[in-house]
>>> print(open('entry_37.txt').read())   # compact mmCIF, C-alpha atoms
# COMPACT_ATOMS: atom_id res chain seq x y z
CA MET A 23 184.01 99.57 168.04
CA ALA A 24 184.16 97.64 164.75
CA LEU A 25 184.58 100.86 162.77
CA PHE A 26 187.37 102.03 165.06
CA LEU A 27 189.16 98.68 164.75
CA GLU A 28 188.86 98.96 160.97
CA TYR A 29 190.39 102.43 161.21
CA LEU A 30 193.26 101.11 163.36
CA PHE A 31 193.97 98.38 160.82
CA TYR A 32 194.16 100.78 157.88
CA ILE A 33 196.10 103.49 159.72
CA SER A 34 198.64 100.92 160.93
CA LEU A 35 199.09 99.54 157.43
CA ALA A 36 199.36 103.07 156.01
CA ARG A 37 201.97 104.03 158.60
CA PHE A 38 204.00 100.95 157.74
CA LEU A 39 203.88 101.72 154.02
CA SER A 40 204.72 105.39 154.58
CA PHE A 41 208.08 104.55 156.15
CA LEU A 42 209.21 102.12 153.46
CA PRO A 43 211.41 103.34 150.58
CA HIS A 44 209.06 104.77 147.97
CA LEU A 45 209.43 102.16 145.21
CA VAL A 46 209.38 99.32 147.77
CA SER A 47 206.17 100.78 149.18
CA LEU A 48 204.60 100.85 145.70
CA LYS A 49 205.51 97.22 145.01
CA PHE A 50 204.08 96.21 148.37
CA GLY A 51 200.91 98.15 147.60
CA GLU A 52 200.60 96.43 144.22
CA PHE A 53 201.07 93.07 145.94
CA LEU A 54 198.28 93.90 148.40
CA GLY A 55 196.03 94.90 145.51
CA VAL A 56 196.59 91.62 143.66
CA LEU A 57 196.11 89.72 146.93
CA LEU A 58 192.76 91.45 147.38
CA PHE A 59 191.84 90.48 143.81
CA THR A 60 192.58 86.87 144.69
CA ILE A 61 190.61 86.67 147.93
CA ASP A 62 187.78 89.17 147.38
CA ARG A 63 185.45 87.01 145.35
CA LYS A 64 182.50 89.42 145.52
CA HIS A 65 184.22 92.51 144.08
CA ARG A 66 186.33 90.44 141.72
CA GLY A 67 183.04 89.23 140.28
CA TYR A 68 181.83 92.82 139.71
CA THR A 69 185.13 93.68 138.08
CA ILE A 70 185.26 90.73 135.68
CA ASN A 71 181.58 91.11 134.80
CA ASN A 72 182.04 94.83 134.02
CA LEU A 73 184.99 94.02 131.79
CA ARG A 74 183.11 91.29 129.94
CA MET A 75 180.18 93.63 129.29
CA SER A 76 182.30 96.53 128.08
CA LEU A 77 185.39 94.97 126.48
CA GLY A 78 184.37 91.36 126.05
CA GLY A 79 184.02 91.73 122.30
CA GLU A 80 187.48 93.24 121.99
CA LYS A 81 189.63 91.32 124.49
CA THR A 82 190.22 87.65 125.30
CA GLU A 83 189.27 86.25 128.68
CA THR A 84 192.96 86.16 129.62
CA GLU A 85 193.38 89.83 128.66
CA LEU A 86 190.30 90.81 130.65
CA ARG A 87 191.64 89.03 133.72
CA GLU A 88 195.00 90.80 133.39
CA ILE A 89 193.25 94.17 133.14
CA ALA A 90 191.26 93.29 136.26
CA LYS A 91 194.43 92.35 138.18
CA GLY A 92 196.08 95.55 136.97
CA SER A 93 193.13 97.57 138.24
CA TYR A 94 193.51 96.04 141.70
CA ALA A 95 197.28 96.57 141.61
CA ASN A 96 196.63 100.22 140.74
CA LEU A 97 194.29 100.52 143.72
CA GLY A 98 196.92 99.07 146.06
CA ARG A 99 199.58 101.37 144.62
CA ASN A 100 197.28 104.35 145.15
CA PHE A 101 196.86 103.38 148.79
CA ALA A 102 200.63 103.17 149.24
CA GLU A 103 201.17 106.59 147.65
CA PHE A 104 198.34 108.24 149.57
CA SER A 105 199.80 106.82 152.79
CA ARG A 106 202.99 108.80 152.29
CA PHE A 107 201.10 112.00 153.00
CA LEU A 108 200.77 110.89 156.60
CA ASN A 109 204.37 112.11 156.89
CA SER A 110 204.69 115.87 156.60
CA GLY A 111 207.14 117.27 154.08
CA THR A 112 206.86 114.49 151.53
CA ASN A 113 208.44 115.34 148.17
CA LEU A 114 206.40 112.80 146.26
CA ILE A 115 204.79 115.34 143.94
CA GLU A 116 208.00 117.23 143.12
CA ARG A 117 209.94 114.06 142.31
CA TYR A 118 207.36 111.86 140.66
CA VAL A 119 204.54 113.93 139.12
CA ARG A 120 204.89 115.66 135.75
CA ILE A 121 202.32 118.21 134.58
CA ASP A 122 201.33 118.67 130.91
CA GLY A 123 198.85 121.19 129.49
CA PHE A 124 198.55 123.35 132.60
CA GLU A 125 198.07 126.33 130.31
CA ASN A 126 194.68 124.87 129.35
CA TYR A 127 193.58 125.25 132.96
CA LEU A 128 195.02 128.77 133.23
CA ASN A 129 193.24 129.84 130.03
CA ALA A 130 189.94 128.54 131.38
CA LYS A 131 190.50 130.19 134.76
CA ALA A 132 191.15 133.55 133.07
CA LYS A 133 187.49 133.65 131.98
CA GLY A 134 186.52 134.42 135.57
CA LYS A 135 183.66 131.91 135.79
CA GLY A 136 185.46 129.29 137.84
CA VAL A 137 186.64 125.98 136.39
CA ILE A 138 185.25 122.46 136.46
CA PHE A 139 187.70 119.59 136.11
CA LEU A 140 186.17 116.54 134.48
CA THR A 141 187.82 113.29 135.48
CA GLY A 142 187.16 109.77 136.74
CA HIS A 143 188.56 107.08 139.03
CA CYS A 144 191.60 106.72 136.77
CA GLY A 145 195.22 106.35 137.82
CA ASN A 146 195.79 107.95 141.23
CA TRP A 147 193.02 110.55 141.13
CA GLU A 148 193.73 111.57 144.74
CA LEU A 149 197.36 112.34 143.89
CA MET A 150 196.24 114.44 140.92
CA ALA A 151 194.11 116.63 143.20
CA LEU A 152 197.02 117.04 145.61
CA ALA A 153 199.35 117.98 142.74
CA GLN A 154 196.87 120.65 141.61
CA SER A 155 196.77 122.27 145.04
CA LYS A 156 200.53 121.88 145.51
CA MET A 157 200.92 124.30 142.58
CA GLY A 158 198.94 126.90 144.50
CA GLU A 159 195.64 126.18 142.76
CA PRO A 160 193.46 124.36 145.33
CA LEU A 161 190.14 122.85 144.34
CA SER A 162 186.95 121.50 145.83
CA VAL A 163 186.19 117.85 145.18
CA ILE A 164 182.66 116.44 145.21
CA GLY A 165 182.47 113.24 147.22
CA ARG A 166 180.28 111.03 149.36
CA PRO A 167 181.38 110.61 152.99
CA MET A 168 182.81 107.18 153.79
CA ASP A 169 180.80 104.80 155.92
CA ASN A 170 183.61 104.80 158.49
CA PRO A 171 183.74 108.30 160.06
CA TYR A 172 187.28 107.79 161.43
CA LEU A 173 188.65 106.96 157.99
CA ASP A 174 186.59 109.74 156.45
CA ARG A 175 188.18 112.34 158.73
CA LEU A 176 191.67 111.00 158.05
CA ILE A 177 191.25 110.98 154.27
CA ASN A 178 189.78 114.48 154.21
CA LYS A 179 192.68 115.69 156.36
CA ILE A 180 195.17 114.32 153.83
CA ARG A 181 193.18 115.76 150.92
CA ALA A 182 193.44 119.16 152.58
CA THR A 183 197.26 118.97 152.87
CA TYR A 184 197.76 121.83 150.38
CA GLY A 185 194.38 123.51 150.69
CA ASN A 186 191.87 121.27 148.90
CA ARG A 187 188.46 120.64 150.43
CA THR A 188 185.70 118.09 150.03
CA ILE A 189 182.09 119.05 149.28
CA ASN A 190 179.54 116.51 150.47
CA LYS A 191 177.81 115.04 147.44
CA ARG A 192 174.47 115.28 149.22
CA GLY A 193 173.16 118.78 148.69
CA ALA A 194 176.29 119.91 146.85
CA ILE A 195 174.56 122.05 144.22
CA ARG A 196 174.35 125.25 146.27
CA GLU A 197 177.97 125.01 147.40
CA MET A 198 179.16 124.30 143.86
CA LEU A 199 177.33 127.36 142.53
CA ARG A 200 178.84 129.54 145.25
CA THR A 201 182.34 128.18 144.57
CA LEU A 202 182.09 128.85 140.83
CA LYS A 203 180.66 132.33 141.41
CA GLU A 204 183.76 133.11 143.47
CA GLY A 205 186.02 131.87 140.65
CA GLY A 206 186.85 128.62 142.41
CA VAL A 207 187.76 125.23 140.97
CA ILE A 208 185.68 122.06 141.28
CA GLY A 209 186.75 118.50 140.54
CA ILE A 210 184.07 116.09 139.35
CA LEU A 211 184.43 112.32 139.02
CA LEU A 212 181.59 111.58 136.61
CA ASP A 213 182.09 107.83 136.21
CA GLU A 214 179.82 106.52 138.97
CA ASN A 215 176.31 105.13 138.88
CA THR A 216 173.53 107.36 140.18
CA ARG A 217 169.86 107.00 141.09
CA LEU A 218 167.17 107.02 138.42
CA ASP A 219 165.74 110.32 139.66
CA GLU A 220 169.17 112.02 139.60
CA GLY A 221 170.49 110.87 136.26
CA VAL A 222 170.13 110.47 132.54
CA PHE A 223 171.08 107.40 130.55
CA VAL A 224 174.02 107.83 128.18
CA ASP A 225 176.22 105.25 126.49
CA PHE A 226 179.29 104.09 128.37
CA PHE A 227 181.15 101.39 126.45
CA GLY A 228 177.99 100.93 124.39
CA ILE A 229 175.79 100.24 127.42
CA PRO A 230 173.27 102.78 128.79
CA ALA A 231 174.66 104.06 132.11
CA CYS A 232 172.73 106.25 134.55
CA THR A 233 174.89 109.36 134.96
CA ASN A 234 174.39 112.38 137.19
CA ARG A 235 172.56 115.15 135.33
CA GLY A 236 173.26 117.86 137.89
CA PHE A 237 176.74 118.68 136.65
CA ALA A 238 175.57 119.42 133.11
CA ASN A 239 172.81 121.59 134.58
CA ILE A 240 175.32 123.61 136.61
CA ILE A 241 177.61 124.08 133.61
CA LEU A 242 174.73 125.31 131.45
CA LYS A 243 173.56 127.65 134.20
CA THR A 244 176.95 129.17 135.07
CA GLY A 245 178.89 128.97 131.81
CA ALA A 246 181.85 127.57 133.76
CA PRO A 247 184.49 126.07 131.45
CA VAL A 248 185.04 122.32 131.63
CA VAL A 249 188.63 121.06 131.43
CA PRO A 250 189.27 117.29 131.23
CA ALA A 251 192.14 116.26 133.51
CA PHE A 252 193.57 112.79 134.04
CA ILE A 253 196.61 111.26 135.71
CA ASN A 254 198.47 108.32 134.18
CA TYR A 255 200.91 106.01 135.95
CA GLU A 256 204.04 105.61 133.82
CA GLY A 257 206.06 103.15 135.90
CA LYS A 258 208.83 103.34 138.52
CA GLY A 259 206.74 105.67 140.65
CA HIS A 260 206.25 108.31 137.97
CA HIS A 261 202.94 109.92 136.99
CA ARG A 262 201.85 112.35 134.32
CA VAL A 263 198.91 114.71 134.79
CA VAL A 264 197.39 115.92 131.52
CA TYR A 265 195.07 118.94 131.29
CA SER A 266 193.25 118.94 127.96
CA LYS A 267 191.69 121.88 126.17
CA GLU A 268 188.38 123.22 127.42
CA LEU A 269 185.41 121.28 126.07
CA GLU A 270 182.95 122.94 123.72
CA ILE A 271 179.66 122.79 125.57
CA ILE A 272 176.47 122.03 123.61
CA ASN A 273 173.78 124.66 124.16
CA ILE A 274 170.94 124.75 121.63
CA GLY A 275 168.47 126.25 124.07
CA ASN A 276 166.58 123.04 124.90
CA ARG A 277 167.65 122.35 128.49
CA GLU A 278 166.69 118.66 128.59
CA LYS A 279 168.42 117.84 125.30
CA ASP A 280 171.42 119.96 126.26
CA VAL A 281 171.79 118.11 129.58
CA ILE A 282 171.66 114.73 127.85
CA GLU A 283 174.05 115.68 125.05
CA ASN A 284 176.61 117.25 127.37
CA THR A 285 176.44 114.36 129.83
CA ALA A 286 177.02 112.01 126.89
CA LEU A 287 179.99 114.16 125.81
CA PHE A 288 181.55 114.07 129.28
CA THR A 289 181.06 110.31 129.49
CA ARG A 290 182.73 109.79 126.08
CA VAL A 291 185.75 111.76 127.26
CA ILE A 292 186.11 109.48 130.28
CA GLU A 293 185.56 106.32 128.21
CA ASN A 294 188.19 107.36 125.69
CA HIS A 295 190.72 107.79 128.45
CA ILE A 296 189.86 104.44 130.04
CA ARG A 297 190.32 102.71 126.69
CA LYS A 298 193.90 104.03 126.57
CA TYR A 299 194.69 102.93 130.13
CA PRO A 300 192.16 100.19 130.96
CA ASP A 301 194.13 98.71 133.87
CA GLN A 302 194.16 102.10 135.64
CA TRP A 303 190.39 102.48 136.00
CA LEU A 304 188.38 101.27 139.01
CA TRP A 305 186.48 98.48 137.26
CA MET A 306 184.87 97.29 140.49
CA LEU A 307 182.49 100.27 140.42
CA LYS A 308 178.84 99.24 139.92
CA ARG A 309 178.68 101.56 136.94
CA TRP A 310 175.61 99.99 135.31
CA LYS A 311 173.64 99.17 138.47
CA THR A 312 170.67 101.48 137.79
CA ARG A 313 168.62 100.30 134.85
CA PRO A 314 165.98 102.17 132.81
CA ALA A 315 162.46 101.93 134.21
CA LYS A 316 160.27 99.45 132.34
CA SER A 317 157.44 100.87 130.26
CA GLU A 318 153.86 99.76 131.01
CA SER A 319 153.84 97.49 127.98
CA GLU A 320 157.06 95.79 129.09
CA SER A 321 155.74 95.36 132.64
CA GLU A 322 152.62 93.59 131.35
CA LYS A 323 154.63 90.97 129.47
>>> encode(input="entry_37.txt", output="structure tokens")
Amino acid sequence: MALFLEYLFYISLARFLSFLPHLVSLKFGEFLGVLLFTIDRKHRGYTINNLRMSLGGEKTETELREIAKGSYANLGRNFAEFSRFLNSGTNLIERYVRIDGFENYLNAKAKGKGVIFLTGHCGNWELMALAQSKMGEPLSVIGRPMDNPYLDRLINKIRATYGNRTINKRGAIREMLRTLKEGGVIGILLDENTRLDEGVFVDFFGIPACTNRGFANIILKTGAPVVPAFINYEGKGHHRVVYSKELEIINIGNREKDVIENTALFTRVIENHIRKYPDQWLWMLKRWKTRPAKSESESEK
């Protein structure tokens, strides 16, 4: 019952936002995001702590707090925009999303090995996926099911508006390989923490971060091209999606070293983007939760 009531709350709020004028809806969403920043002490703590660890030597405490508030405002704005897709026939993408570098994707696709989009929880990543499929190029997105099954079904329904689909992160390897073999497109958000047995440690803002190793393994196995793609919010409801040139994958023939080096490369690409638009990344993620296992000598101290 509690999960259904949670669903009713969010669907009611989303319906309300979806019927407001677009820019009014965005401002309301930003307000909700900042309100959440104010009252959600637990996640605000994660956010501020992450910023201090990663940018504390470069930004003042006031600047860090403003970035944190901006991150929450971005999250609220994303919710408002995503809500508009509850109404069929929305022209949000046509009016407010500009695409740059799409030829980089088309060049990669022409190789016939499928394409992997490398991105993170930056800007409105859900809108970027919808814009991709709106252009007749649907993709499969790797994701973990939400704890609330009612919300999970609703979100996946909206994601599929123009033909996208979600691949369950658990046991996704086989489905990813099949999709790439068929020339399909996969979107990967490689900016989340992972378990020790699933990841390798690579620097993220100068701090070792446990990052999923499976994606680098798949790329090395299939030869699928990797195209970085990010969406940036530019104000007054407008977004710009940028497809960069295909990354040059490192392959020296040592699988373990190749996995680590490529995972480090992917992580640097994401970090570089976040540094340009720090208030548009989801800083509340527990990115550095998993820590390296202690050696025997350290454990004895």
>>> atom_distance(input="entry_37.txt", atom1="CA of Val119 in chain A", atom2="CA of Phe41 in chain A")
19.8 Å
>>> atom_distance(input="entry_37.txt", atom1="CA of Glu88 in chain A", atom2="CA of Ile292 in chain A")
20.9 Å
>>> closest_residue(input="entry_37.txt", among="A:Glu270, A:Asp174, A:Glu204, A:Glu159", to="Ile241 in chain A", atoms="only C-alpha atoms")
A:Glu270
>>> atom_distance(input="entry_37.txt", atom1="CA of Arg196 in chain A", atom2="CA of Ser162 in chain A")
13.2 Å
>>> residues_near_point(input="entry_37.txt", point="(194.7, 123.6, 128.5)", cutoff="12 Å", atoms="only C-alpha atoms", output="list in words")
Ile121, Asp122, Gly123, Phe124, Glu125, Asn126, Tyr127, Leu128, Asn129, Ala130, Lys131, Ala132, Val137, Phe139, Pro247, Val248, Val249, Pro250, Ala251, Val263, Val264, Tyr265, Ser266, Lys267, Glu268 and Leu269 of chain A
>>> residues_around(input="entry_37.txt", residues="Arg290 in chain A", least_positions_apart="2", cutoff="12 Å", atoms="all atoms listed in the file", output="list in words")
Leu140, Thr141, Gly142, Leu212, Asp213, Val224, Asp225, Phe226, Phe227, Gly228, Ile229, Ala231, Thr233, Pro250, Leu269, Glu283, Asn284, Thr285, Ala286, Leu287, Phe288, Ile292, Glu293, Asn294, His295, Ile296 and Arg297 of chain A
>>> residues_around(input="entry_37.txt", residues="Phe38 in chain A", least_positions_apart="5", cutoff="9 Å", atoms="all atoms listed in the file", output="list in words")
Ile33, Ser47 and Ser105 of chain A
>>> write_last_selection(input="entry_37.txt", atoms="C-alpha atoms", output="short mmCIF file (atom, residue, chain, number, x, y, z; two decimals), keeping the file's coordinate frame")
data_model
loop_
_atom_site.label_atom_id
_atom_site.label_comp_id
_atom_site.auth_asym_id
_atom_site.auth_seq_id
_atom_site.Cartn_x
_atom_site.Cartn_y
_atom_site.Cartn_z
CA ILE A 33 196.10 103.49 159.72
CA SER A 47 206.17 100.78 149.18
CA SER A 105 199.80 106.82 152.79
#
>>> closest_residue(input="entry_37.txt", among="A:Leu211, A:Ala36, A:Ile271, A:Ile138", to="Leu176 in chain A", atoms="only C-alpha atoms")
A:Ala36
>>> closest_residue(input="entry_37.txt", among="A:Ser155, A:Tyr255, A:Leu202, A:Arg309", to="Lys135 in chain A", atoms="all atoms listed in the file")
A:Leu202
>>> residues_around(input="entry_37.txt", residues="range 95-99 of chain A", least_positions_apart="2", cutoff="6 Å", atoms="only C-alpha atoms", output="ChimeraX atom specification")
/A:48,51-52,54-56,92-93,101-102,302
